[in-house]
Structure formats: C-alpha cells, structure tokens
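**Student:** Below are the structure tokens for one structure; questions will follow.
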2 protein chains.
Amino acid sequence: MNPQESSAVLAFDVGGTDMKVGLLPDGSIATGSSPMRDVRRTRTPRDAALPGDAVVDRIVELTEQYRQTHPDVDIAAIGVGVPGLVDEKTGTGVLSVNLGWQDYPFVHRLRERLAVPVALGHDAKMAGEAEFRLGAARGCSDAIVMVIGTGISGAIFSDGRRVVGGSYAGELGHAPVPGSDGSVQRLECIGAAGAIARRYTEATGSAADGARSVLRMAQDGDTAAGRIWSEAVDAIAFNIAQCVAILGTETVVLGGGLAEAREALFAPVIARVDQLLTFQPRPRIVPAELGQNAGLVGSGLNARELLDSGLARL
Amino acid sequence: MNPQESSAVLAFDVGGTDMKVGLLPDGSIATGSSPMRDVRRTRTPRDAALPGDAVVDRIVELTEQYRQTHPDVDIAAIGVGVPGLVDEKTGTGVLSVNLGWQDYPFVHRLRERLAVPVALGHDAKMAGEAEFRLGAARGCSDAIVMVIGTGISGAIFSDGRRVVGGSYAGELGHAPVPGSDGSVQRLECIGAAGAIARRYTEATGSAADGARSVLRMAQDGDTAAGRIWSEAVDAIAFNIAQCVAILGTETVVLGGGLAEAREALFAPVIARVDQLLTFQPRPRIVPAELGQNAGLVGSGLNARELLDSGLARL
C-alpha cells in the first residue's frame, strides 16, 4: 500500500426505490454527525428474474466508479444494508417481498466479484447502529431505535451490543399491542405513519394526505383524527414500555417520518410511557439525530467492525 | 494448595423464607442436572435494623461450617443469589421490600469477611442462568426463562448471553398486558399463581386454595375459574409474543409453581402464542428442568464465571 494512500470503507444503503452509496474514511468518526464522503443516490435496479444479481451488479459498478474517482483511497471493505429479513452471520438476504429476493447470498457474490471483505446488514438496523454509536443514543448501553415510517422496525441494544437474535430481533412493527376495541393488533397497523392515514380514511371515508395531515386535523379539533393519533401514540408507548420491562431500556430513539411531528408525538408518548411503567426508571425518549444518511453510516460502521474483528475473509 | 485438594465454589440462594447453600465442585457440570453437593437448607435470618448484615453473618457462618466439613475442598469463590433489585456489577442489593435492605454492599462485606471472590446475582436470574446453561434452554442462543409463582420474574438471553440491562431487565411481572376490560394491566396481576387465586376470590366471593384449585374448578366446568385461567394464559402468551417480536426469542422456559400445571398451561399458551405471532418462527415453549435447586446452581455458575473471567479480586 502506498503510504500516501488513505483507507476507507464503501457503504451502500439499498432501499425499495433508491440506493445510496458513500465513503466512510478511516478516522472520520470524530468529525461529527456526518462522517460520509461523496454520497451519491441512484435508482435501485430491479430484475424480476434475478433481483439479487441486479443489485450486486450495480454495487460492483458503483465500487469501480468510486475506485476510479478516488484513486488515492484504499477501499478496504464494503458495507451493504438491505431491507427485509437478513441473516447477517451468513451474509444472506433471506427475504425481501418488495425487491423480490429469497435466500440470496449477497456477501458470497460480492466477495467473488470485488475481492474485498463484505458486511451485510438490515437497513433499519444499520440506521439504528449509527444512532447508537454516533447519534442520539451514543454513549448508551441499553437502547432501542424505532424507525416509524410506512411500517415500523427497530434495532435493539442491550449491555452495549446490538441484539441480533437469529435475524428476527427488532421486528417491532409485528409486536402485539392492545387495540381500542379489546382486540390484539400489530403495532404497525396502528402506530405507523401509513396506518394513521389509512385508518383515518377507513373511519371517515375522507382521504388523508399522510399522517401529517391527520395530525393537523387532530390539532384543529377533528374527533376521528384525534382518536386515531392518540391510538397511535398509545400503541407506540405500549411497545416502548414492553422494551423497558423486558430489557431495562434506558434510551429510546424515535426516527422515520412520524418522528418529524416532534412535540406532537414525543410529549404524549413520554406521558403515556410514564403511566404504563411502575417502578422502573423512565427511559429518555429522544428524536433520531443522523437523518436520511443514518443507514449508510451504519453500513459503513458495520464494514469497519468486520475489519476490526479480524473476521474479514475473502 | 495441597495437590490432593479439589476446588469448588460455595453457592447460596437467599429466599424470603429459607436460604439454601451447596457446593458446586469444579468439573461437576458434566455429571448431569444435579451438580450441587451437600445442599443444606436453613431459615433466612431477619433483622429489621440490619437486614443485610444478618444475611452476611449467616453466610460467613455457613462458609466456616463447609470449610470444616470439607477440609479437602478449596472454596475458591462464593456465589450469592438474593431477591429484589440487584446491581450485579457493583455487587449491591439495591432493594428488597420483603427482606428489608436498601443499597446494601453484599460483595464488599462478604469479601472483607471471607477473603475470597464473591459474585452477587438476582435469585430468579440465577435460576434462569442455570436453565440456560444446564437445563431446558441449554444449547440455545435466544431464550427467556419465566418463573411464575407468587409473582413473575424472568431472565432474558440474547445472542448467547444474559441481558443485564442496568439490573431492570427481566422484570416481566411488571410488563403491561391488555386486560379483558380494555384496560392495561401488569402481567403479574393476571398471570401469576397468586393473582389467579386472588382474582377467583374477587370474582366469586369464594376462597380458592391457590391457582391449582382454580385450575381444577375450571376443568370441572366452573365458568369464573375457566375465564380467570384463560386470562392468565392470554397474559403469559402476550408477554412471550412480545419477547419474540422484540428479541427473536427461540426458546421459552416456564418454571415456578404454575408450570407444574403442565399441559393445562403449556397447550393453551402455545396455541395463543401461535395466534399472536405473524411471520416469526414459533418459539419452543418448554418446562424448566432443574427444579428447586436451579437458583443455587445458577449462583454457583455465576461465581465460577467470575473466577474464569479473571475479574475476581479481593
């Protein structure tokens, strides 16, 4: 290696619509909340017959572009975040209903093509990892990062480490919560931004332009909107109280589109969690800090950890 | 050390009424589910003014007795399990409402008196540790051990390690669950053996001789007993489904008095958990295996781990 050369990992965040890529240079962590360099965004390629291969081809192509644009940078590893179910240990995309793959060996294929170590992670968990190490939960030992958008997913940290749990940990959107009618519902069906809009339309027959408009109507005194917002708050708070009771969670980071409601979400969630807990210390409930690039940062950290662990193999 | 001497840890399980003590010899793990030697039971000493000191005095006295009875055994460390809230890292009994201490430095006091390394743990979590390492959850990576007696407490394992979570992890009895009337209740107030008997009396005005008699009445067609048993099952299953959604739990061990109901508990709990989960693999739900000495075995393992970790100090 040329002594003038600097080292970095190249991170990818593969979303349902777009994928992002950026460099995480060695030693860039201390520089603040935006450690990524040369972040680019492109469409996620789709191929109904070979959905995993299409993504791998694009990652290989982008890696070549970055090698050409940054000839002075040694790309020491690749970090990739993908949606769906992910087996991080084997580097497999177990299932993405949206993008179409099933049991696709991302790490194996990328290693063959790129000849560098590759770390695969779940996109929302990578975003959680970034918040845990560099964002709103930095310095914490027991935390959850809940990403509330169209659906709800999360990353769980206990005793300073992310819980992997056979790849099913953190699927908070599928956690049971009490419905208002005495039934049991999934958190995602009441608390997600997508559910809030859908439930308003179901209740009133009027279209709602997203959770944001339901909140606005609630604030203007619309009874149905108020009830639906408050049920979403209760469901989210219920799940947070579960995490505290099971894991002794001390810090809760809320991210995703719904967290942009800020006080209209945080104040009632904090109050409801307080009602639901008994003798446990109340968790700190705070907004995510790293914004849209959190998943990319987390994938970069994951790749760097692979290098540091000494487990990196070709 | 005499080369003929064998090495062991001495384990204590301090309960609300009785305390147990026994030797866990080195290398005795492989011999099966009952690795303790010379188990003795004695009353837990109580002293309203100095509740922690009274227990320490008794532990010191018993340790001397064991040293005399087993002159050929080198007692290399002491493991102690106590009820209430426990800070394992600092070795402190944070709070026991029943036995009366608050912020009592068990490890510090015992080290001063006994001049051997001391490991302190929470009694139910020590029982969980024993089930995880030697009992019904051995070989598992992601498990919970739920002890259902007068109250409900648990031990949580993820990725092969027990979750400590600032000493509040595993307080499952305090987890919120939906009540039958649309309210939110604590699991312990519906699912514990104590609650089942109490709720039957509240509902009918008739005394119940423990959860066992409520179950018998339910099996004989008593409607109130049937409803209360079934609500207990639902509450326990609800909490199990939470653990699966949050942690990807694969194995659930149920212990304590209520687990003695066997199929009358396990069959409906398994069916209800199946209804509550969506795409997650169903956890294996099995009875505890180590019986009454589980807490003692776990305290012994905890002491041995302290020795093995190299963190043992005087």
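By convention here, the chains of the structure tokens are called A, B, ... in the order presented, each chain's residues are numbered starting at 1, and ligands are numbered starting at 1 in the order presented.
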Where in region 121-158 of chain A does DSSP assign strand (DSSP E or B), given as a list in words?

**Tutor:**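 After running DSSP on the backbone, region 121-158 of chain A has strand (DSSP E or B) at Gly121, His122, Ala143, Ile144, Val145, Met146, Val147, Ile148, Ile152, Ser153, Gly154, Ala155, Ile156, Phe157 and Ser158 of chain A.
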
**Student:** Using only C-alpha atoms, which chain A residues lie at most 9 Å away from chain B, written as a ChimeraX atom specification?

**Tutor:** /A:141-142,154-156,158-159,163-186,238-239,241-250,276-281

**Student:** Go ahead and save the residues from that selection, with C-alpha atoms, as a PDB file, in the first residue's frame.

**Tutor:**
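Written out: selection_26.pdb:
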```
ATOM      1  CA  SER A 141     -25.737   0.818  26.993  1.00  0.00           C
ATOM      2  CA  ASP A 142     -29.422  -0.186  26.789  1.00  0.00           C
ATOM      3  CA  GLY A 154     -36.252  -1.228  15.102  1.00  0.00           C
ATOM      4  CA  ALA A 155     -32.825  -2.030  16.410  1.00  0.00           C
ATOM      5  CA  ILE A 156     -32.373  -3.279  19.959  1.00  0.00           C
ATOM      6  CA  SER A 158     -28.554  -4.284  25.363  1.00  0.00           C
ATOM      7  CA  ASP A 159     -25.465  -4.179  27.528  1.00  0.00           C
ATOM      8  CA  VAL A 163     -29.226  -7.817  19.682  1.00  0.00           C
ATOM      9  CA  VAL A 164     -29.152  -9.989  16.568  1.00  0.00           C
ATOM     10  CA  GLY A 165     -31.499 -12.749  17.762  1.00  0.00           C
ATOM     11  CA  GLY A 166     -31.423 -15.048  14.746  1.00  0.00           C
ATOM     12  CA  SER A 167     -32.313 -12.061  12.491  1.00  0.00           C
ATOM     13  CA  TYR A 168     -35.853 -11.710  13.918  1.00  0.00           C
ATOM     14  CA  ALA A 169     -34.927  -9.276  16.706  1.00  0.00           C
ATOM     15  CA  GLY A 170     -36.204  -5.729  16.363  1.00  0.00           C
ATOM     16  CA  GLU A 171     -39.234  -6.529  14.218  1.00  0.00           C
ATOM     17  CA  LEU A 172     -41.211  -4.148  16.410  1.00  0.00           C
ATOM     18  CA  GLY A 173     -43.882  -3.497  13.788  1.00  0.00           C
ATOM     19  CA  HIS A 174     -45.070  -7.068  14.347  1.00  0.00           C
ATOM     20  CA  ALA A 175     -45.289  -6.768  18.135  1.00  0.00           C
ATOM     21  CA  PRO A 176     -48.810  -7.280  19.524  1.00  0.00           C
ATOM     22  CA  VAL A 177     -50.471  -4.260  21.124  1.00  0.00           C
ATOM     23  CA  PRO A 178     -53.976  -3.842  22.551  1.00  0.00           C
ATOM     24  CA  GLY A 179     -56.454  -2.428  20.049  1.00  0.00           C
ATOM     25  CA  SER A 180     -59.058   0.082  21.233  1.00  0.00           C
ATOM     26  CA  ASP A 181     -61.846  -2.499  20.839  1.00  0.00           C
ATOM     27  CA  GLY A 182     -60.241  -5.070  23.152  1.00  0.00           C
ATOM     28  CA  SER A 183     -58.661  -6.955  20.244  1.00  0.00           C
ATOM     29  CA  VAL A 184     -54.933  -7.507  19.822  1.00  0.00           C
ATOM     30  CA  GLN A 185     -53.332  -5.718  16.877  1.00  0.00           C
ATOM     31  CA  ARG A 186     -49.862  -5.438  15.379  1.00  0.00           C
ATOM     32  CA  PHE A 238     -47.077   0.385  24.846  1.00  0.00           C
ATOM     33  CA  ASN A 239     -44.274  -1.159  22.840  1.00  0.00           C
ATOM     34  CA  ALA A 241     -42.961   0.066  27.913  1.00  0.00           C
ATOM     35  CA  GLN A 242     -42.551  -3.583  26.865  1.00  0.00           C
ATOM     36  CA  CYS A 243     -38.936  -2.987  25.927  1.00  0.00           C
ATOM     37  CA  VAL A 244     -38.298  -1.304  29.283  1.00  0.00           C
ATOM     38  CA  ALA A 245     -39.948  -4.174  31.198  1.00  0.00           C
ATOM     39  CA  ILE A 246     -38.128  -6.894  29.268  1.00  0.00           C
ATOM     40  CA  LEU A 247     -34.727  -5.277  28.708  1.00  0.00           C
ATOM     41  CA  GLY A 248     -34.381  -2.385  31.135  1.00  0.00           C
ATOM     42  CA  THR A 249     -34.149   0.014  28.165  1.00  0.00           C
ATOM     43  CA  GLU A 250     -32.809   3.423  29.207  1.00  0.00           C
ATOM     44  CA  LEU A 276     -47.568   2.343  31.773  1.00  0.00           C
ATOM     45  CA  LEU A 277     -44.418   1.774  33.816  1.00  0.00           C
ATOM     46  CA  THR A 278     -44.327   1.031  37.508  1.00  0.00           C
ATOM     47  CA  PHE A 279     -41.078   1.052  39.481  1.00  0.00           C
ATOM     48  CA  GLN A 280     -38.690   1.165  36.516  1.00  0.00           C
ATOM     49  CA  PRO A 281     -36.645   4.292  35.829  1.00  0.00           C
TER      50      PRO A 281
END
```

**Student:** In Å, rounded to a single decimal, give me how far CA of Pro35 (chain A) is from CA of Leu62 (chain A).

**Tutor:**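 Taking CA of Leu62 (chain A) and CA of Pro35 (chain A), their separation equals 19.4 Å.
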
**Student:** Using DSSP secondary structure from the backbone, list all alpha helix (DSSP H) positions within region 4-247 of chain A, as a ChimeraX atom specification.

**Tutor:** /A:51-69,106-114,123-133,188-191,193-204,210-219,223-247

**Student:** Hey, what's within 7 Å of region 43-60 of chain B if we count only C-alpha atoms and toss same-chain stuff fewer than 3 positions away? As a PyMOL selection string, please?

**Tutor:** chain B and resi 14-19+63-64+99-101+104+110+114

**Student:** Create the file for the chosen residues now, containing N, CA and C atoms and written as a PDB file, in the first residue's frame.

**Tutor:**
```pdb
ATOM      1  N   VAL B  14     -30.646 -17.063  48.629  1.00  0.00           N
ATOM      2  CA  VAL B  14     -31.313 -16.430  49.763  1.00  0.00           C
ATOM      3  C   VAL B  14     -32.769 -16.134  49.393  1.00  0.00           C
ATOM      4  N   GLY B  15     -33.695 -16.872  49.950  1.00  0.00           N
ATOM      5  CA  GLY B  15     -35.114 -16.657  49.657  1.00  0.00           C
ATOM      6  C   GLY B  15     -35.798 -15.866  50.755  1.00  0.00           C
ATOM      7  N   GLY B  16     -37.065 -15.557  50.525  1.00  0.00           N
ATOM      8  CA  GLY B  16     -37.831 -14.788  51.501  1.00  0.00           C
ATOM      9  C   GLY B  16     -38.039 -15.529  52.808  1.00  0.00           C
ATOM     10  N   THR B  17     -38.071 -16.854  52.750  1.00  0.00           N
ATOM     11  CA  THR B  17     -38.280 -17.648  53.957  1.00  0.00           C
ATOM     12  C   THR B  17     -37.034 -18.455  54.307  1.00  0.00           C
ATOM     13  N   ASP B  18     -36.575 -19.253  53.357  1.00  0.00           N
ATOM     14  CA  ASP B  18     -35.408 -20.113  53.597  1.00  0.00           C
ATOM     15  C   ASP B  18     -34.231 -19.678  52.744  1.00  0.00           C
ATOM     16  N   MET B  19     -33.050 -20.050  53.191  1.00  0.00           N
ATOM     17  CA  MET B  19     -31.909 -19.925  52.304  1.00  0.00           C
ATOM     18  C   MET B  19     -31.283 -21.293  52.119  1.00  0.00           C
ATOM     19  N   THR B  63     -20.214 -20.686  55.612  1.00  0.00           N
ATOM     20  CA  THR B  63     -18.967 -20.931  54.879  1.00  0.00           C
ATOM     21  C   THR B  63     -17.942 -21.603  55.800  1.00  0.00           C
ATOM     22  N   GLU B  64     -17.862 -21.133  57.043  1.00  0.00           N
ATOM     23  CA  GLU B  64     -16.955 -21.753  58.016  1.00  0.00           C
ATOM     24  C   GLU B  64     -17.328 -23.218  58.233  1.00  0.00           C
ATOM     25  N   LEU B  99     -37.217  -8.498  52.385  1.00  0.00           N
ATOM     26  CA  LEU B  99     -36.185  -8.743  53.395  1.00  0.00           C
ATOM     27  C   LEU B  99     -35.653  -7.455  54.016  1.00  0.00           C
ATOM     28  N   GLY B 100     -35.887  -6.322  53.391  1.00  0.00           N
ATOM     29  CA  GLY B 100     -35.684  -5.053  54.093  1.00  0.00           C
ATOM     30  C   GLY B 100     -34.433  -4.258  53.788  1.00  0.00           C
ATOM     31  N   TRP B 101     -33.537  -4.766  52.919  1.00  0.00           N
ATOM     32  CA  TRP B 101     -32.348  -3.938  52.684  1.00  0.00           C
ATOM     33  C   TRP B 101     -32.535  -2.963  51.542  1.00  0.00           C
ATOM     34  N   TYR B 104     -27.438  -2.289  49.855  1.00  0.00           N
ATOM     35  CA  TYR B 104     -26.535  -2.985  50.765  1.00  0.00           C
ATOM     36  C   TYR B 104     -25.393  -3.641  49.966  1.00  0.00           C
ATOM     37  N   LEU B 110     -18.896  -9.262  52.121  1.00  0.00           N
ATOM     38  CA  LEU B 110     -18.513 -10.676  52.143  1.00  0.00           C
ATOM     39  C   LEU B 110     -17.034 -10.864  51.807  1.00  0.00           C
ATOM     40  N   LEU B 114     -14.592 -12.913  54.193  1.00  0.00           N
ATOM     41  CA  LEU B 114     -14.255 -14.278  53.773  1.00  0.00           C
ATOM     42  C   LEU B 114     -12.965 -14.382  52.979  1.00  0.00           C
TER      43      LEU B 114
END
```

**Student:** Quick one: residues within 8 Å of Asp123 (chain B), only C-alpha atoms counted, chain neighbours fewer than 3 positions away excluded, as a list in words?

**Tutor:**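 Answer for this query is Asp13, Val14, Gly15, Gly81, Val82, Pro83, Met126, Ala127, Gly295 and Ser299 of chain B.
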
**Student:** When you look at Trp229 (chain A) with a cut-off of 12 Å (counting only C-alpha atoms), what residues show up, excluding the ones that are within fewer than 4 positions of it in the same chain? I need them as a VMD selection string.

**Tutor:** chain A and resid 190 to 200 210 to 219 221 to 225 233 to 236 258 261 264 to 265 268 to 269
